[in-house]
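Structure file input.cif (mmCIF, C-alpha atoms) is printed below.
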```cif
data_my_file
loop_
_atom_site.group_PDB
_atom_site.id
_atom_site.type_symbol
_atom_site.label_atom_id
_atom_site.label_comp_id
_atom_site.auth_asym_id
_atom_site.auth_seq_id
_atom_site.Cartn_x
_atom_site.Cartn_y
_atom_site.Cartn_z
ATOM 1 C CA MET A 99 250.011 -19.070 73.205
ATOM 2 C CA ASP A 100 249.655 -21.492 76.097
ATOM 3 C CA TYR A 101 246.380 -22.133 77.894
ATOM 4 C CA ARG A 102 245.707 -23.178 81.476
ATOM 5 C CA LYS A 103 242.248 -24.615 80.812
ATOM 6 C CA GLU A 104 239.720 -24.795 77.991
ATOM 7 C CA ILE A 105 236.148 -25.909 77.356
ATOM 8 C CA GLN A 106 234.417 -26.316 73.980
ATOM 9 C CA THR A 107 230.678 -25.611 73.713
ATOM 10 C CA ARG A 108 228.623 -26.168 70.570
ATOM 11 C CA ASP A 109 230.027 -23.091 68.845
ATOM 12 C CA THR A 110 232.549 -21.451 71.204
ATOM 13 C CA LEU A 111 235.960 -22.337 72.595
ATOM 14 C CA ILE A 112 236.505 -20.818 76.067
ATOM 15 C CA ARG A 113 240.102 -20.683 77.308
ATOM 16 C CA LEU A 114 242.097 -19.268 80.179
ATOM 17 C CA ARG A 115 245.384 -18.051 78.751
ATOM 18 C CA GLU A 116 248.712 -18.153 80.568
ATOM 19 C CA ASP A 117 248.669 -14.331 80.738
ATOM 20 C CA GLY A 118 245.418 -14.478 82.754
ATOM 21 C CA ILE A 119 243.047 -13.288 80.013
ATOM 22 C CA LEU A 120 239.877 -15.269 79.405
ATOM 23 C CA GLU A 121 239.286 -15.874 75.710
ATOM 24 C CA THR A 122 236.070 -16.888 73.973
ATOM 25 C CA ARG A 123 236.419 -17.777 70.306
ATOM 26 C CA ILE A 124 233.522 -18.660 68.027
ATOM 27 C CA THR A 125 234.287 -21.928 66.256
ATOM 28 C CA PRO A 126 232.781 -23.115 62.970
ATOM 29 C CA SER A 127 229.434 -24.855 63.279
ATOM 30 C CA ASP A 128 226.611 -25.900 60.990
ATOM 31 C CA ASN A 129 224.346 -23.278 62.528
ATOM 32 C CA MET A 130 225.695 -19.737 62.172
ATOM 33 C CA ARG A 131 223.335 -18.446 64.873
ATOM 34 C CA HIS A 132 224.386 -18.064 68.500
ATOM 35 C CA GLU A 133 221.186 -18.745 70.427
ATOM 36 C CA LEU A 134 220.122 -18.242 74.051
ATOM 37 C CA GLU A 135 221.135 -21.822 74.943
ATOM 38 C CA ASP A 136 224.575 -21.163 73.454
ATOM 39 C CA ALA A 137 224.939 -18.028 75.591
ATOM 40 C CA ARG A 138 223.999 -19.980 78.718
ATOM 41 C CA ALA A 139 226.557 -22.690 77.898
ATOM 42 C CA VAL A 140 229.282 -20.120 77.218
ATOM 43 C CA MET A 141 228.653 -18.263 80.473
ATOM 44 C CA ALA A 142 228.723 -21.499 82.472
ATOM 45 C CA ALA A 143 232.036 -22.419 80.820
ATOM 46 C CA VAL A 144 233.474 -18.932 81.450
ATOM 47 C CA VAL A 145 232.654 -19.228 85.148
ATOM 48 C CA GLU A 146 234.217 -22.694 85.307
ATOM 49 C CA VAL A 147 237.367 -21.794 83.360
ATOM 50 C CA SER A 148 237.926 -18.591 85.345
ATOM 51 C CA ALA A 149 237.739 -20.555 88.623
ATOM 52 C CA GLY A 150 235.704 -17.778 90.200
ATOM 53 C CA LYS A 151 238.297 -15.058 89.591
ATOM 54 C CA MET A 152 237.359 -11.858 87.768
ATOM 55 C CA ARG A 153 239.540 -11.473 84.661
ATOM 56 C CA PRO A 154 239.733 -9.458 81.427
ATOM 57 C CA LEU A 155 237.683 -11.177 78.699
ATOM 58 C CA LEU A 156 238.597 -11.308 74.997
ATOM 59 C CA ASN A 157 235.653 -12.235 72.731
ATOM 60 C CA ILE A 158 236.550 -13.266 69.161
ATOM 61 C CA LEU A 159 233.172 -13.233 67.452
ATOM 62 C CA GLY A 160 233.906 -14.800 64.063
ATOM 63 C CA ASP A 161 231.209 -15.127 61.417
ATOM 64 C CA ILE A 162 228.114 -15.703 63.485
ATOM 65 C CA TYR A 163 224.829 -13.985 64.223
ATOM 66 C CA VAL A 164 224.130 -13.496 67.931
ATOM 67 C CA THR A 165 220.381 -13.479 68.492
ATOM 68 C CA SER A 166 218.748 -10.706 70.487
ATOM 69 C CA GLU A 167 217.853 -13.231 73.210
ATOM 70 C CA ALA A 168 221.525 -14.241 73.554
ATOM 71 C CA GLN A 169 222.615 -10.575 73.574
ATOM 72 C CA LYS A 170 220.111 -9.843 76.343
ATOM 73 C CA TYR A 171 221.339 -12.829 78.352
ATOM 74 C CA TYR A 172 224.953 -11.655 78.126
ATOM 75 C CA ARG A 173 223.911 -8.137 79.094
ATOM 76 C CA ASP A 174 221.707 -9.188 82.028
ATOM 77 C CA HIS A 175 223.862 -11.886 83.629
ATOM 78 C CA PRO A 176 227.022 -11.339 85.592
ATOM 79 C CA GLN A 177 230.266 -12.340 83.982
ATOM 80 C CA ALA A 178 233.537 -13.515 85.436
ATOM 81 C CA ALA A 179 235.124 -10.469 83.812
ATOM 82 C CA ILE A 180 236.457 -7.088 84.833
ATOM 83 C CA ALA A 181 236.450 -5.830 81.221
ATOM 84 C CA SER A 182 235.333 -7.193 77.863
ATOM 85 C CA ALA A 183 236.912 -6.649 74.443
ATOM 86 C CA MET A 184 234.924 -7.825 71.420
ATOM 87 C CA VAL A 185 236.836 -8.447 68.191
ATOM 88 C CA VAL A 186 234.589 -8.125 65.139
ATOM 89 C CA ASN A 187 235.489 -8.961 61.558
ATOM 90 C CA SER A 188 232.804 -7.334 59.464
ATOM 91 C CA PHE A 189 231.059 -4.025 59.012
ATOM 92 C CA LEU A 190 227.741 -5.602 60.009
ATOM 93 C CA GLN A 191 229.174 -6.966 63.272
ATOM 94 C CA ARG A 192 230.670 -3.562 64.078
ATOM 95 C CA LEU A 193 227.347 -1.848 63.337
ATOM 96 C CA ILE A 194 225.352 -4.280 65.507
ATOM 97 C CA GLY A 195 228.029 -4.148 68.211
ATOM 98 C CA ASN A 196 227.987 -0.358 68.318
ATOM 99 C CA ILE A 197 224.194 -0.331 68.589
ATOM 100 C CA PHE A 198 224.385 -2.932 71.380
ATOM 101 C CA LEU A 199 226.972 -0.874 73.273
ATOM 102 C CA LYS A 200 225.124 2.400 72.770
ATOM 103 C CA TYR A 201 221.785 1.167 74.090
ATOM 104 C CA SER A 202 222.976 -1.254 76.783
ATOM 105 C CA THR A 203 223.952 -0.466 80.321
ATOM 106 C CA LEU A 204 226.874 -2.797 80.902
ATOM 107 C CA PRO A 205 228.352 -3.441 84.348
ATOM 108 C CA ILE A 206 231.952 -3.595 83.048
ATOM 109 C CA PRO A 207 234.032 -1.622 80.532
ATOM 110 C CA THR A 208 233.324 -3.057 77.066
ATOM 111 C CA LYS A 209 234.856 -2.046 73.759
ATOM 112 C CA LEU A 210 234.840 -3.179 70.107
ATOM 113 C CA PHE A 211 238.039 -3.840 68.172
ATOM 114 C CA GLU A 212 238.906 -4.875 64.626
ATOM 115 C CA ASN A 213 242.023 -6.835 65.604
ATOM 116 C CA GLU A 214 243.130 -9.013 68.481
ATOM 117 C CA GLU A 215 246.411 -7.195 69.130
ATOM 118 C CA LYS A 216 244.728 -3.902 70.012
ATOM 119 C CA ALA A 217 242.089 -5.705 72.063
ATOM 120 C CA ASN A 218 244.806 -7.532 74.019
ATOM 121 C CA GLN A 219 246.680 -4.277 74.667
ATOM 122 C CA TRP A 220 243.508 -2.671 76.023
ATOM 123 C CA LEU A 221 242.720 -5.681 78.239
ATOM 124 C CA GLN A 222 246.242 -5.722 79.681
ATOM 125 C CA SER A 223 245.517 -2.309 81.215
ATOM 126 C CA PHE A 224 242.958 -3.956 83.541
ATOM 127 C CA PHE A 225 245.457 -6.106 85.390
ATOM 128 C CA GLU A 226 246.300 -4.762 88.821
ATOM 129 C CA GLU A 227 249.818 -3.464 89.258
ATOM 130 C CA PRO A 228 251.804 -5.238 92.034
#
```

Show me this structure written as structure tokens.
Amino acid sequence: MDYRKEIQTRDTLIRLREDGILETRITPSDNMRHELEDARAVMAAVVEVSAGKMRPLLNILGDIYVTSEAQKYYRDHPQAAIASAMVVNSFLQRLIGNIFLKYSTLPIPTKLFENEEKANQWLQSFFEEP
């Protein structure tokens, strides 16, 4: 896959793909906790990489714990996204993700997936037809 632009934060790689999807991918770090400061850095990078255009967003969570403060920040702050797909890789992530989705009022369509292919297919449906 080719990328138009990318930014690396402490624990997340943010990329704009050639197909127009924004991708955030958790990268290995010494600290397996995604804190409030990490969420702020990721959102700033998403806004910069997206160049102000609303796009579908693919979140590859990896093996990391997202603190409640970071979850609240993501929920309460506008994104440069028209839809968000979260790819989880464990039962615990799916459980926490489902609880987050059930009890959060999100401003954009958001869905959990167990693989990237299905998440990408879902996100493709949010591109406007010419």

From the options A:Glu146, A:Glu135, A:Asp174, A:Glu121, which residue's atoms come nearest to Leu159 in chain A, counting all atoms listed in the file? A:Glu121

Rank nothing, just name the residue among A:Ala168, A:Met130, A:Ile194, A:Ile119 nearest to Pro154 in chain A, using all atoms listed in the file. A:Ile119

Residue by residue, what does the PyMOL selection byres ((chain A and resi 175-190) around 9) grab here? Present the result as a ChimeraX atom specification. /A:120,141,144-145,148-161,170-174,191-195,205-214,217-218,220-221,224

The PyMOL selection byres ((chain A and resi 108) around 10) - which residues does that actually catch in the file I just gave you? List them as number ranges by chain. A: 106-107, 109-111, 124-129, 132, 135-136, 139-140

Find the axis-aligned box for range 104-107 of chain A, covering all its listed atoms and adding 8 Å on each side, and write its centre and edge lengths in Å to one decimal as lines of an AutoDock Vina configuration file.
```
center_x = 235.2
center_y = -25.6
center_z = 75.9
size_x = 25.0
size_y = 17.5
size_z = 20.3
```

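The gap separating CA of Lys216 in chain A from CA of Tyr163 in chain A is 23.0 Å, in Å to one decimal.
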
Nearest to Ile197 in chain A, chosen from A:Ser166, A:Ile112, A:Arg131, A:Val147, with only C-alpha atoms counted in the distances: A:Ser166

CA of Ala137 in chain A and CA of Ser202 in chain A are how many Å apart?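 Rounded to one decimal, the two atoms are 16.9 Å apart.
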
Using all atoms listed in the file, can you tell me which of A:Leu114, A:Glu215, A:Phe225, A:Gln169 comes closest to Tyr201 in chain A?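 Under the stated criterion, the closest residue is A:Gln169.
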